[in-house]
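Undergrad: Just one file: run_3.txt, with compact mmCIF, C-alpha atoms and all ligand atoms.
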```txt
# COMPACT_ATOMS: atom_id res chain seq x y z
CA MET Q 29 0.00 0.00 0.00
CA SER Q 30 1.35 3.44 -0.84
CA GLU Q 31 1.94 5.99 1.91
CA GLU Q 32 -0.53 8.49 0.59
CA THR Q 33 -4.22 7.96 1.44
CA LEU Q 34 -6.46 7.67 -1.59
CA TYR Q 35 -10.12 8.62 -1.40
CA CYS Q 36 -13.15 7.08 -3.05
CA ILE Q 37 -14.23 9.41 -5.86
CA GLY Q 38 -17.85 8.34 -5.34
CA CYS Q 39 -18.37 9.02 -1.63
CA GLY Q 40 -15.17 10.67 -0.37
CA GLY Q 41 -14.15 7.95 2.13
CA PRO Q 42 -10.47 7.00 2.72
CA LEU Q 43 -9.85 3.80 0.74
CA GLN Q 44 -8.32 0.62 2.19
CA ASN Q 45 -7.71 -2.74 0.52
CA THR Q 46 -7.19 -4.99 3.52
CA ASP Q 47 -10.62 -5.71 5.07
CA PRO Q 48 -13.72 -6.17 2.85
CA ASP Q 49 -16.01 -5.86 5.90
CA GLN Q 50 -14.73 -2.45 6.89
CA ALA Q 51 -15.57 0.94 5.46
CA PHE Q 52 -14.21 2.09 2.08
CA TYR Q 53 -12.76 -1.23 0.97
CA THR Q 54 -11.56 -1.70 -2.59
CA PRO Q 55 -10.05 -4.90 -3.97
CA LYS Q 56 -7.81 -2.78 -6.22
CA ALA Q 57 -4.22 -1.86 -5.56
CA LEU Q 58 -3.84 1.55 -4.02
CA ASP Q 59 -0.88 2.67 -6.09
CA THR Q 60 -2.85 3.61 -9.15
CA GLN Q 61 -3.52 7.00 -10.67
CA GLU Q 62 -7.05 6.11 -11.75
CA ASN Q 63 -10.11 7.34 -9.86
CA LEU Q 64 -11.11 4.50 -7.57
CA LEU Q 65 -14.47 3.58 -6.13
CA CYS Q 66 -14.99 1.78 -2.82
CA GLN Q 67 -16.93 -1.48 -2.88
CA ARG Q 68 -20.02 0.23 -1.44
CA CYS Q 69 -20.12 2.84 -4.22
CA PHE Q 70 -19.40 0.22 -6.85
CA ARG Q 71 -22.36 -1.89 -5.70
CA MET Q 72 -24.68 1.09 -5.39
CA ARG Q 73 -23.84 2.32 -8.87
CA HIS Q 74 -23.79 -0.91 -10.79
CA TYR Q 75 -26.35 -3.01 -8.95
CA GLY Q 76 -28.45 -0.42 -7.06
CA ILE Q 77 -27.66 -2.35 -3.90
CA HIS Q 78 -28.68 -0.80 -0.61
CA ALA Q 79 -25.39 -0.58 1.26
CA PRO Q 80 -24.76 0.18 4.93
CA SER Q 81 -23.60 3.68 5.74
CA PHE Q 82 -20.50 4.43 7.77
CA TYR Q 83 -21.65 7.96 8.44
CA ASP Q 84 -23.45 8.61 11.72
CA GLU Q 85 -24.49 11.46 14.02
CA THR Q 86 -21.01 11.78 15.52
CA ALA Q 87 -19.37 12.01 12.10
CA MET Q 88 -22.06 14.50 11.11
CA ARG Q 89 -21.31 16.81 14.04
CA LYS Q 90 -17.58 16.57 13.33
CA THR Q 91 -18.09 17.56 9.68
CA LEU Q 92 -20.25 20.49 10.70
CA ASP Q 93 -17.71 21.76 13.24
CA GLU Q 94 -14.95 21.42 10.65
CA LEU Q 95 -16.89 23.37 8.05
CA SER Q 96 -18.07 26.06 10.44
CA ALA Q 97 -14.44 26.83 11.26
CA LYS Q 98 -13.33 27.14 7.62
CA PRO Q 99 -13.70 30.27 5.56
CA GLY Q 100 -15.89 29.66 2.54
CA ALA Q 101 -19.36 30.17 1.20
CA LEU Q 102 -22.39 28.02 1.81
CA VAL Q 103 -24.29 26.67 -1.16
CA TRP Q 104 -27.29 25.38 0.72
CA VAL Q 105 -29.29 22.82 -1.24
CA MET Q 106 -32.92 22.11 -0.33
CA ASP Q 107 -35.57 19.89 -1.82
CA ALA Q 108 -37.94 22.39 -3.46
CA PHE Q 109 -40.92 20.13 -2.91
CA ASP Q 110 -40.15 19.27 0.71
CA PHE Q 111 -38.20 22.36 1.74
CA GLU Q 112 -39.96 22.56 5.12
CA GLY Q 113 -38.70 19.06 5.75
CA THR Q 114 -35.14 19.72 4.63
CA ILE Q 115 -34.04 22.66 6.78
CA PRO Q 116 -31.49 21.44 9.34
CA ALA Q 117 -31.22 23.86 12.30
CA SER Q 118 -27.42 23.70 12.12
CA LEU Q 119 -27.47 25.28 8.66
CA ILE Q 120 -29.68 28.14 9.81
CA LYS Q 121 -26.87 29.07 12.20
CA LEU Q 122 -24.22 28.65 9.53
CA SER Q 123 -26.14 30.89 7.11
CA GLN Q 124 -25.83 33.69 9.64
CA SER Q 125 -22.03 33.64 9.49
CA LYS Q 126 -21.24 32.66 5.88
CA PRO Q 127 -22.22 34.10 2.51
CA THR Q 128 -25.08 31.81 1.50
CA LEU Q 129 -26.78 30.89 -1.73
CA ILE Q 130 -29.97 28.87 -1.44
CA VAL Q 131 -30.43 26.30 -4.17
CA MET Q 132 -33.90 24.82 -4.45
CA ASN Q 133 -33.29 21.54 -6.24
CA LYS Q 134 -35.92 19.08 -7.51
CA ARG Q 135 -37.95 21.95 -8.96
CA ASP Q 136 -39.39 19.36 -11.34
CA LEU Q 137 -41.38 17.78 -8.50
CA LEU Q 138 -43.41 20.87 -7.65
CA PRO Q 139 -46.85 21.16 -9.19
CA LYS Q 140 -46.80 23.33 -12.31
CA VAL Q 141 -49.54 25.59 -10.92
CA LEU Q 142 -46.93 26.93 -8.50
CA ASN Q 143 -44.91 29.35 -10.60
CA ASP Q 144 -41.47 30.68 -9.63
CA GLN Q 145 -42.80 34.07 -8.62
CA LYS Q 146 -45.40 32.67 -6.23
CA LEU Q 147 -42.90 30.24 -4.82
CA LEU Q 148 -40.26 32.90 -4.31
CA PHE Q 149 -42.71 35.18 -2.54
CA HIS Q 150 -43.63 32.35 -0.18
CA LEU Q 151 -40.04 31.24 0.40
CA LYS Q 152 -38.85 34.72 1.32
CA LYS Q 153 -41.45 34.88 4.05
CA ARG Q 154 -40.68 31.40 5.31
CA PHE Q 155 -36.91 31.94 5.36
CA LYS Q 156 -37.45 35.14 7.32
CA ASP Q 157 -39.53 33.18 9.86
CA TYR Q 158 -36.76 30.59 10.13
CA GLY Q 159 -34.02 33.25 10.52
CA ILE Q 160 -32.18 32.05 7.40
CA PHE Q 161 -29.79 34.58 5.88
CA TYR Q 162 -29.00 34.35 2.17
CA GLN Q 163 -27.84 36.36 -0.80
CA ASP Q 164 -30.01 34.69 -3.42
CA ILE Q 165 -32.41 31.86 -4.08
CA ILE Q 166 -32.15 29.85 -7.29
CA PHE Q 167 -34.44 27.08 -8.60
CA VAL Q 168 -32.85 24.14 -10.35
CA SER Q 169 -33.38 20.51 -11.22
CA ALA Q 170 -30.34 18.27 -11.29
CA LYS Q 171 -32.46 15.53 -12.78
CA LYS Q 172 -33.90 17.58 -15.64
CA LYS Q 173 -30.70 19.64 -15.97
CA GLN Q 174 -32.74 22.82 -15.51
CA ASN Q 175 -30.97 26.09 -14.70
CA ILE Q 176 -27.59 24.45 -14.16
CA ASP Q 177 -25.81 27.08 -16.24
CA ALA Q 178 -27.52 29.81 -14.22
CA LEU Q 179 -26.32 28.13 -11.03
CA ILE Q 180 -22.73 28.00 -12.28
CA GLU Q 181 -23.00 31.64 -13.27
CA ARG Q 182 -24.29 32.53 -9.81
CA LEU Q 183 -21.35 30.72 -8.18
CA HIS Q 184 -19.02 33.09 -10.03
CA ALA Q 185 -20.52 35.96 -8.06
CA PHE Q 186 -18.92 34.68 -4.83
CA GLU Q 187 -15.61 36.23 -3.90
CA PRO Q 188 -13.01 34.27 -5.99
CA THR Q 189 -10.90 33.36 -2.96
CA LEU Q 190 -13.75 31.52 -1.25
CA ASP Q 191 -14.15 27.79 -1.48
CA LEU Q 192 -17.73 26.64 -1.84
CA TYR Q 193 -19.50 24.01 0.28
CA LEU Q 194 -22.55 22.27 -1.10
CA MET Q 195 -24.48 21.43 2.04
CA GLY Q 196 -27.96 20.40 3.04
CA ALA Q 197 -30.05 17.57 4.37
CA THR Q 198 -29.37 14.08 3.08
CA ASN Q 199 -31.02 13.19 -0.24
CA VAL Q 200 -31.78 16.72 -1.41
CA GLY Q 201 -29.57 16.09 -4.45
CA LYS Q 202 -26.24 17.78 -3.64
CA SER Q 203 -24.16 15.15 -5.41
CA SER Q 204 -26.56 14.99 -8.34
CA LEU Q 205 -26.19 18.75 -8.72
CA LEU Q 206 -22.43 18.56 -8.63
CA ASN Q 207 -22.51 15.86 -11.31
CA ALA Q 208 -24.84 18.03 -13.39
CA MET Q 209 -22.50 21.03 -13.02
CA LEU Q 210 -19.50 18.94 -14.02
CA ARG Q 211 -21.35 17.64 -17.06
CA ALA Q 212 -22.24 21.22 -18.00
CA THR Q 213 -18.53 21.97 -18.05
CA GLY Q 214 -17.72 19.03 -20.33
CA VAL Q 215 -17.24 16.03 -18.04
CA SER Q 216 -18.82 13.09 -19.86
CA GLN Q 217 -20.05 10.95 -16.97
CA ASP Q 218 -21.30 11.19 -13.40
CA VAL Q 219 -18.38 11.37 -11.01
CA ILE Q 220 -20.01 11.21 -7.60
CA THR Q 221 -22.27 8.41 -6.38
CA THR Q 222 -25.92 9.34 -5.94
CA SER Q 223 -28.79 7.24 -4.60
CA LYS Q 224 -32.12 7.28 -2.79
CA GLN Q 225 -30.39 5.96 0.26
CA GLU Q 226 -29.59 8.29 3.15
CA ALA Q 227 -25.96 9.33 3.61
CA THR Q 228 -24.73 8.30 0.19
CA THR Q 229 -21.87 10.77 0.41
CA GLN Q 230 -19.73 9.74 3.36
CA SER Q 231 -17.07 12.41 3.59
CA LEU Q 232 -16.07 15.75 2.06
CA ILE Q 233 -15.31 15.44 -1.66
CA PRO Q 234 -13.16 18.28 -2.98
CA ILE Q 235 -13.77 18.96 -6.67
CA PRO Q 236 -11.55 21.49 -8.44
CA PHE Q 237 -14.08 23.71 -10.13
CA GLU Q 238 -12.77 26.50 -12.30
CA SER Q 239 -10.52 28.60 -10.04
CA ARG Q 240 -11.58 27.15 -6.69
CA ILE Q 241 -12.60 24.06 -4.79
CA LEU Q 242 -16.23 23.06 -4.69
CA TYR Q 243 -16.89 20.56 -1.90
CA ASP Q 244 -19.62 17.97 -1.90
CA THR Q 245 -20.47 17.14 1.71
CA PRO Q 246 -22.32 14.35 3.50
CA GLY Q 247 -25.97 15.26 3.97
CA LEU Q 248 -27.30 16.11 7.38
CA LEU Q 249 -29.47 13.36 8.81
CA LEU Q 250 -32.96 14.38 9.92
CA ASP Q 251 -35.00 12.58 12.56
CA HIS Q 252 -38.28 12.98 10.69
CA SER Q 253 -36.96 11.48 7.47
CA ILE Q 254 -39.22 8.64 6.30
CA GLN Q 255 -36.13 6.46 6.01
CA ARG Q 256 -35.95 6.57 9.80
CA PHE Q 257 -39.22 4.79 10.37
CA LEU Q 258 -40.01 2.88 7.18
CA ALA Q 259 -38.31 -0.12 5.63
CA ALA Q 260 -35.95 1.04 2.88
CA ASN Q 261 -38.07 -0.36 0.03
CA GLU Q 262 -41.18 1.40 1.34
CA ALA Q 263 -39.34 4.69 1.77
CA TYR Q 264 -37.90 4.50 -1.75
CA VAL Q 265 -41.35 4.02 -3.26
CA LEU Q 266 -42.41 7.28 -1.60
CA MET Q 267 -39.59 9.24 -3.22
CA SER Q 268 -41.20 10.84 -6.21
CA GLU Q 269 -39.61 10.82 -9.63
CA ARG Q 270 -41.92 13.31 -11.35
CA GLU Q 271 -44.22 16.27 -10.80
CA ILE Q 272 -46.49 15.79 -7.81
CA LYS Q 273 -49.98 16.72 -8.92
CA GLY Q 274 -52.68 17.68 -6.45
CA ARG Q 275 -55.37 15.13 -5.67
CA VAL Q 276 -58.61 17.00 -4.91
CA TYR Q 277 -61.22 16.01 -2.30
CA GLN Q 278 -64.42 17.83 -1.37
CA LEU Q 279 -64.93 16.88 2.25
CA ASN Q 280 -67.77 17.39 4.68
CA PRO Q 281 -67.12 17.71 8.40
CA GLU Q 282 -67.03 14.35 10.18
CA GLN Q 283 -65.03 12.74 7.42
CA THR Q 284 -61.56 11.23 7.48
CA LEU Q 285 -58.73 10.85 5.00
CA PHE Q 286 -55.99 8.28 5.48
CA PHE Q 287 -52.69 8.80 3.68
CA GLY Q 288 -51.55 5.19 3.60
CA GLY Q 289 -51.14 4.19 7.22
CA LEU Q 290 -48.85 7.13 7.88
CA VAL Q 291 -51.23 10.01 8.44
CA GLN Q 292 -54.90 10.21 9.38
CA LEU Q 293 -56.68 13.53 8.89
CA ASP Q 294 -59.97 13.78 10.81
CA TYR Q 295 -61.96 16.72 9.51
CA GLU Q 296 -64.08 17.64 12.49
CA ALA Q 297 -65.83 20.97 11.90
CA GLY Q 298 -66.15 23.66 9.24
CA GLU Q 299 -67.77 24.19 5.87
CA ARG Q 300 -67.74 21.80 2.96
CA ALA Q 301 -63.98 21.85 2.53
CA SER Q 302 -61.76 21.73 -0.47
CA ILE Q 303 -58.70 19.61 0.22
CA VAL Q 304 -55.87 19.20 -2.25
CA VAL Q 305 -53.31 16.56 -1.39
CA TYR Q 306 -49.73 17.14 -2.58
CA LEU Q 307 -48.14 13.90 -1.47
CA PRO Q 308 -46.25 11.23 -3.43
CA GLN Q 309 -48.59 9.69 -5.98
CA SER Q 310 -47.61 6.25 -4.71
CA LEU Q 311 -49.22 6.95 -1.34
CA ALA Q 312 -52.78 5.59 -1.48
CA ILE Q 313 -55.51 7.81 -0.05
CA HIS Q 314 -58.48 6.27 1.67
CA ARG Q 315 -61.62 8.25 2.50
CA ARG Q 316 -64.34 7.31 5.01
CA LYS Q 317 -66.59 8.74 7.68
CA LEU Q 318 -64.96 9.96 10.85
CA GLU Q 319 -67.12 7.81 13.12
CA GLY Q 320 -65.35 4.52 13.74
CA SER Q 321 -62.15 5.65 12.00
CA GLU Q 322 -60.08 4.91 15.10
CA ALA Q 323 -61.18 1.25 15.05
CA PHE Q 324 -60.77 1.18 11.25
CA PHE Q 325 -57.19 2.40 11.59
CA LYS Q 326 -56.36 -0.27 14.17
CA GLN Q 327 -57.95 -3.00 12.11
CA HIS Q 328 -56.45 -2.12 8.73
CA LEU Q 329 -53.06 -0.65 9.54
CA GLY Q 330 -50.44 -2.63 7.65
CA THR Q 331 -52.97 -4.24 5.30
CA LEU Q 332 -55.36 -1.79 3.61
CA LEU Q 333 -53.51 1.17 5.10
CA THR Q 334 -49.85 0.96 4.04
CA PRO Q 335 -47.09 1.94 4.40
CA PRO Q 336 -46.04 0.91 6.96
CA SER Q 337 -46.56 -2.76 6.31
CA GLY Q 338 -44.12 -3.98 8.92
CA ALA Q 339 -43.21 -2.70 12.34
CA GLN Q 340 -45.68 -0.57 14.30
CA LEU Q 341 -44.83 3.11 14.38
CA HIS Q 342 -45.17 5.47 17.31
CA TYR Q 343 -47.93 7.92 16.51
CA GLY Q 344 -48.95 11.23 17.99
CA VAL Q 345 -52.09 13.32 17.40
CA SER Q 346 -52.06 17.07 16.71
CA HIS Q 347 -55.20 19.24 16.87
CA PHE Q 348 -55.67 22.36 14.79
CA THR Q 349 -58.16 25.24 14.90
CA LEU Q 350 -58.03 27.34 11.73
CA ASP Q 351 -59.57 30.43 10.21
CA HIS Q 352 -61.83 28.63 7.75
CA LYS Q 353 -62.04 31.67 5.46
CA LYS Q 354 -58.33 31.38 4.66
CA LYS Q 355 -56.37 28.75 2.78
CA HIS Q 356 -53.79 26.81 4.75
CA ASP Q 357 -51.22 24.12 4.12
CA LEU Q 358 -50.89 21.24 6.49
CA VAL Q 359 -47.18 20.46 6.25
CA LEU Q 360 -46.07 16.85 6.64
CA PRO Q 361 -42.26 17.18 6.68
CA GLY Q 362 -40.59 14.44 4.68
CA LEU Q 363 -43.78 13.69 2.75
CA GLY Q 364 -45.31 16.87 1.35
CA PHE Q 365 -48.29 19.07 2.15
CA VAL Q 366 -52.08 19.21 2.06
CA SER Q 367 -53.83 22.39 1.05
CA LEU Q 368 -57.03 23.14 3.03
CA LYS Q 369 -59.91 25.54 2.55
CA GLY Q 370 -63.01 25.75 4.70
CA VAL Q 371 -61.66 23.75 7.63
CA LYS Q 372 -62.31 25.01 11.19
CA THR Q 373 -61.02 22.13 13.28
CA MET Q 374 -59.18 18.94 12.47
CA SER Q 375 -57.04 16.33 14.19
CA VAL Q 376 -54.06 14.69 12.53
CA ARG Q 377 -52.53 11.40 13.55
CA HIS Q 378 -48.92 11.15 12.35
CA PRO Q 379 -45.62 9.44 13.17
CA LYS Q 380 -44.38 11.06 16.38
CA SER Q 381 -41.09 12.21 14.91
CA MET Q 382 -42.87 14.00 12.05
CA ARG Q 383 -43.51 17.49 13.42
CA VAL Q 384 -46.61 18.47 11.46
CA PHE Q 385 -47.77 22.08 11.37
CA VAL Q 386 -50.05 24.46 9.54
CA LYS Q 387 -48.95 27.56 7.60
CA GLU Q 388 -50.32 30.02 5.08
CA ALA Q 389 -51.08 28.22 1.79
CA MET Q 390 -48.47 28.21 -0.96
CA ILE Q 391 -50.82 27.57 -3.89
N1 LIG K 401 -36.91 14.45 -9.09
C1 LIG K 401 -35.65 14.78 -8.83
N2 LIG K 401 -34.85 13.92 -8.18
C2 LIG K 401 -33.58 14.29 -7.93
C3 LIG K 401 -33.05 15.54 -8.33
N3 LIG K 401 -31.76 15.62 -7.90
C4 LIG K 401 -31.50 14.47 -7.28
N4 LIG K 401 -32.59 13.65 -7.27
C5 LIG K 401 -32.70 12.31 -6.69
O1 LIG K 401 -32.59 12.43 -5.27
C6 LIG K 401 -31.92 11.30 -4.72
C7 LIG K 401 -30.75 11.76 -3.85
O2 LIG K 401 -29.77 12.35 -4.68
P1 LIG K 401 -28.26 12.55 -4.19
O3 LIG K 401 -27.60 13.41 -5.21
O4 LIG K 401 -27.63 11.26 -3.85
O5 LIG K 401 -28.53 13.40 -2.87
P2 LIG K 401 -27.47 13.96 -1.81
O6 LIG K 401 -28.01 15.24 -1.30
O7 LIG K 401 -26.11 14.01 -2.39
O8 LIG K 401 -27.56 12.85 -0.67
P3 LIG K 401 -26.47 12.48 0.49
O9 LIG K 401 -25.17 12.20 -0.17
O10 LIG K 401 -27.09 11.28 1.13
O11 LIG K 401 -26.43 13.65 1.40
C8 LIG K 401 -31.48 10.45 -5.91
O12 LIG K 401 -32.44 9.42 -6.07
C9 LIG K 401 -31.53 11.41 -7.08
O13 LIG K 401 -31.79 10.78 -8.33
C10 LIG K 401 -33.92 16.44 -9.06
O14 LIG K 401 -33.57 17.54 -9.45
N5 LIG K 401 -35.20 15.99 -9.25
MG MG K 402 -24.39 13.07 -1.81
```
Could you write out this file's structure as structure tokens?
Ligand SMILES: Nc1nc2c(ncn2[C@@H]2O[C@H](COP(=O)(O)OP(=O)(O)OP(=O)(O)O)[C@@H](O)[C@H]2O)c(=O)[nH]1
Ligand SMILES: [Mg+2]
TA:
Amino acid sequence: MSEETLYCIGCGGPLQNTDPDQAFYTPKALDTQENLLCQRCFRMRHYGIHAPSFYDETAMRKTLDELSAKPGALVWVMDAFDFEGTIPASLIKLSQSKPTLIVMNKRDLLPKVLNDQKLLFHLKKRFKDYGIFYQDIIFVSAKKKQNIDALIERLHAFEPTLDLYLMGATNVGKSSLLNAMLRATGVSQDVITTSKQEATTQSLIPIPFESRILYDTPGLLLDHSIQRFLAANEAYVLMSEREIKGRVYQLNPEQTLFFGGLVQLDYEAGERASIVVYLPQSLAIHRRKLEGSEAFFKQHLGTLLTPPSGAQLHYGVSHFTLDHKKKHDLVLPGLGFVSLKGVKTMSVRHPKSMRVFVKEAMI
């Protein structure tokens, strides 16, 4: 083995070729000049195999401390569809001390009725509420290669001496964006490993980009992520691949909607309500009367009402009293949102770690 440590080009981990059961193993000799992949990245890329992560909460805190101490600018990537669910508190703090660009990725998932102007107006208010500081907000789609040139152009506006850190929650598409930017500058294939799995990127990956270094970073893990409480295959099915269109329900009080077995919305009092569900299309919606819905939930959870189909989740119930004349969004972080009009009171059963809340409607 050569003296110098080599790093996996796919996930950033320090390579070793002695123990296949340990992190960042490669069967290849470590004295080569070629870009090497660890076994985990190789399997994820070529076989789509779900591979264990070596990145945990401790490593996450260490990375954050390291980055907070370095000069540089923050390129904060969020999932445009689930931005309320992809705002780690640690990055709010970081945005207050570093020049920050907000990149709303996965723009392709948002319903087309929500135009950029409307979205921007809403985001500015929300970011103010959160205490997020930023220079600009840009909408992109790594998947559809939308606005990638504009993003690169915007990066030029940062002081040339600053290195740039692509940061954000896990799975928002940081690595996909970096691959898209590299392709836009002539690289012919994806360099960094991407996947639906949490913590695909395991360590900082420095990429020389024009005159500076652009770092891909491991995503921040969130406790309300669906991957925390669902089996991997169930969570993957809920990760949308295309535009999420609203599913419309006209509901009378005393009616209930089940979103799979994950969320139960009991509409208690109000007018005849208009409810538009912006949740992954793969999540089945079941409608019934409110009376007896508790027993129905217990009886059908895991069979008619899935996911989850396996282990029992811990649920909590949140009650809401709303101004029924206004439109609101019920936000289900990690899943999406439900737009409500005409509702006075409702109760929502949800996984305990999913902190649901209501805000002014976006659409
Ligand atoms: N629909 C859609 N999916 C995207 C987009 N960008 C990335 N994805 C998907 O989102 C998933 C996560 O992408 P990654 O690039 O691995 O995300 P990441 O932020 O680097 O994740 P970590 O390394 O775990 O922090 C993959 O399944 C991507 O295909 C996008 O613009 N639109
Ligand atoms: Mg990544």
Undergrad: Any idea what's packed within 7 Å of segment 290-307 of chain Q, counting only C-alpha atoms, ignoring anything in its chain fewer than 5 positions away? Could you give it as number ranges by chain?
TA: Q: 272-285, 318, 335-336, 352, 363-379
Undergrad: Could I get the residues of chain Q with an atom no further than 9 Å from an atom of ligand LIG 401 (chain K), each paired with its nearest atom pair and that distance in Å to one decimal, using only C-alpha atoms and all ligand atoms, sorted by chain and residue number, as a tab-separated table?
TA:
```
residue	atom	partner	partner_atom	distance
Q:Cys39	CA	K:LIG401	O9	7.6
Q:Val105	CA	K:LIG401	O6	7.7
Q:Met106	CA	K:LIG401	O6	8.5
Q:Asp107	CA	K:LIG401	C10	8.2
Q:Ala108	CA	K:LIG401	O14	8.9
Q:Met132	CA	K:LIG401	O14	8.8
Q:Asn133	CA	K:LIG401	O14	5.1
Q:Lys134	CA	K:LIG401	O14	3.4
Q:Arg135	CA	K:LIG401	O14	6.2
Q:Asp136	CA	K:LIG401	N5	5.8
Q:Leu137	CA	K:LIG401	N1	5.6
Q:Val168	CA	K:LIG401	O14	6.7
Q:Ser169	CA	K:LIG401	O14	3.5
Q:Ala170	CA	K:LIG401	O14	3.8
Q:Lys171	CA	K:LIG401	O14	4.0
Q:Lys172	CA	K:LIG401	O14	6.2
Q:Lys173	CA	K:LIG401	O14	7.4
Q:Gln174	CA	K:LIG401	O14	8.1
Q:Leu194	CA	K:LIG401	O6	8.9
Q:Met195	CA	K:LIG401	O6	7.9
Q:Gly196	CA	K:LIG401	O6	6.7
Q:Ala197	CA	K:LIG401	O11	6.1
Q:Thr198	CA	K:LIG401	O11	3.4
Q:Asn199	CA	K:LIG401	O8	3.5
Q:Val200	CA	K:LIG401	O6	4.1
Q:Gly201	CA	K:LIG401	O5	3.3
Q:Lys202	CA	K:LIG401	O6	3.9
Q:Ser203	CA	K:LIG401	O7	3.8
Q:Ser204	CA	K:LIG401	O3	3.7
Q:Leu205	CA	K:LIG401	N3	6.4
Q:Leu206	CA	K:LIG401	O3	8.1
Q:Asn207	CA	K:LIG401	O3	8.3
Q:Ile220	CA	K:LIG401	O3	8.3
Q:Thr221	CA	K:LIG401	O4	6.6
Q:Thr222	CA	K:LIG401	O4	3.3
Q:Ser223	CA	K:LIG401	O4	4.3
Q:Lys224	CA	K:LIG401	O12	3.9
Q:Gln225	CA	K:LIG401	O10	6.3
Q:Glu226	CA	K:LIG401	O10	4.4
Q:Ala227	CA	K:LIG401	O10	3.4
Q:Thr228	CA	K:LIG401	O10	3.9
Q:Thr229	CA	K:LIG401	O9	3.6
Q:Gln230	CA	K:LIG401	O9	6.9
Q:Ser231	CA	K:LIG401	O9	8.9
Q:Asp244	CA	K:LIG401	O7	7.6
Q:Thr245	CA	K:LIG401	O11	6.9
Q:Pro246	CA	K:LIG401	O11	4.7
Q:Gly247	CA	K:LIG401	O11	3.1
Q:Leu248	CA	K:LIG401	O11	6.5
Q:Leu249	CA	K:LIG401	O11	8.0
Q:Tyr264	CA	K:LIG401	O12	8.5
Q:Met267	CA	K:LIG401	O12	7.7
Q:Ser268	CA	K:LIG401	N1	6.3
Q:Glu269	CA	K:LIG401	N1	4.6
Q:Arg270	CA	K:LIG401	N1	5.6
Q:Glu271	CA	K:LIG401	N1	7.7
```
Undergrad: Which residue out of Q:Leu210, Q:Ser381, Q:Arg71, Q:Lys146 has the minimum interatomic distance to Asp177 of chain Q when only C-alpha atoms are used?
TA: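 Smallest distance to Asp177 of chain Q is found for Q:Leu210.
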Undergrad: Using all atoms listed in the file, which of Q:Tyr243, Q:Phe186, Q:Tyr158, Q:Phe325 sits nearest ligand MG 402 (chain K)?
TA: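 Selected residue with least distance to ligand MG 402 (chain K): Q:Tyr243.
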Undergrad: The residues within 12 Å of (-22.0, 5.1, 11.8), using all atoms listed in the file and the coordinates of the file, should be reported as a ChimeraX atom specification; which are they?
TA: /Q:50-51,80-89,226-227,230,249
Undergrad: Taking 6 positions as the minimum chain separation for residues in the same chain, which residues sit within 6 Å of segment 309-314 of chain Q when counting only C-alpha atoms? Answer as JSON, numbers by chain.
TA: {"Q": [285, 286, 287, 288]}
Undergrad: Restricting the calculation to all atoms listed in the file: of Q:Leu232, Q:Met382, Q:Leu58, Q:Leu329, which residue gets closest to ligand MG 402 (chain K)?
TA: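 Checking each candidate against ligand MG 402 (chain K), we get Q:Leu232 as the closest.
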Undergrad: Of the candidates Q:Val219, Q:Leu92, Q:Leu341, Q:Leu64, which shows the shortest atom-to-atom distance to ligand MG 402 (chain K), using only C-alpha atoms and all ligand atoms?
TA: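 Looking at the shortest contact to ligand MG 402 (chain K), the residue is Q:Val219.
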Undergrad: Calculate how many Å separate atom CA of Ile254 of chain Q from atom CA of Ala117 of chain Q, rounding to one decimal.
TA: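 Value for the atom CA of Ile254 of chain Q-atom CA of Ala117 of chain Q distance: 18.2 Å.
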Undergrad: Which distance in Å separates atom CA of Tyr75 of chain Q and atom CA of Gly214 of chain Q, to one decimal?
TA: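 These two atoms are separated by 26.3 Å.
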Undergrad: Find, counting all atoms listed in the file, the residue in Q:Gly330, Q:Gly100, Q:Met209, Q:Ile233 that gets nearest to ligand MG 402 (chain K).
TA: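 The shortest atom-to-atom distance to ligand MG 402 (chain K) comes from Q:Ile233.
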Undergrad: Please compute the atom CA of Leu129 of chain Q-atom CA of Phe161 of chain Q distance, one decimal, in Å.
TA: 9.0 Å
Undergrad: Residues within 6 Å of Phe52 of chain Q, please, as number ranges by chain. Count only C-alpha atoms; anything in the same chain fewer than 5 positions from it doesn't count.
TA: Q: 41, 43, 66
Undergrad: From the options Q:Ala339, Q:Val265, Q:Asn45, Q:Ile166, which residue's atoms come nearest to Leu179 of chain Q, counting all atoms listed in the file?
TA: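 Looking at the shortest contact to Leu179 of chain Q, the residue is Q:Ile166.
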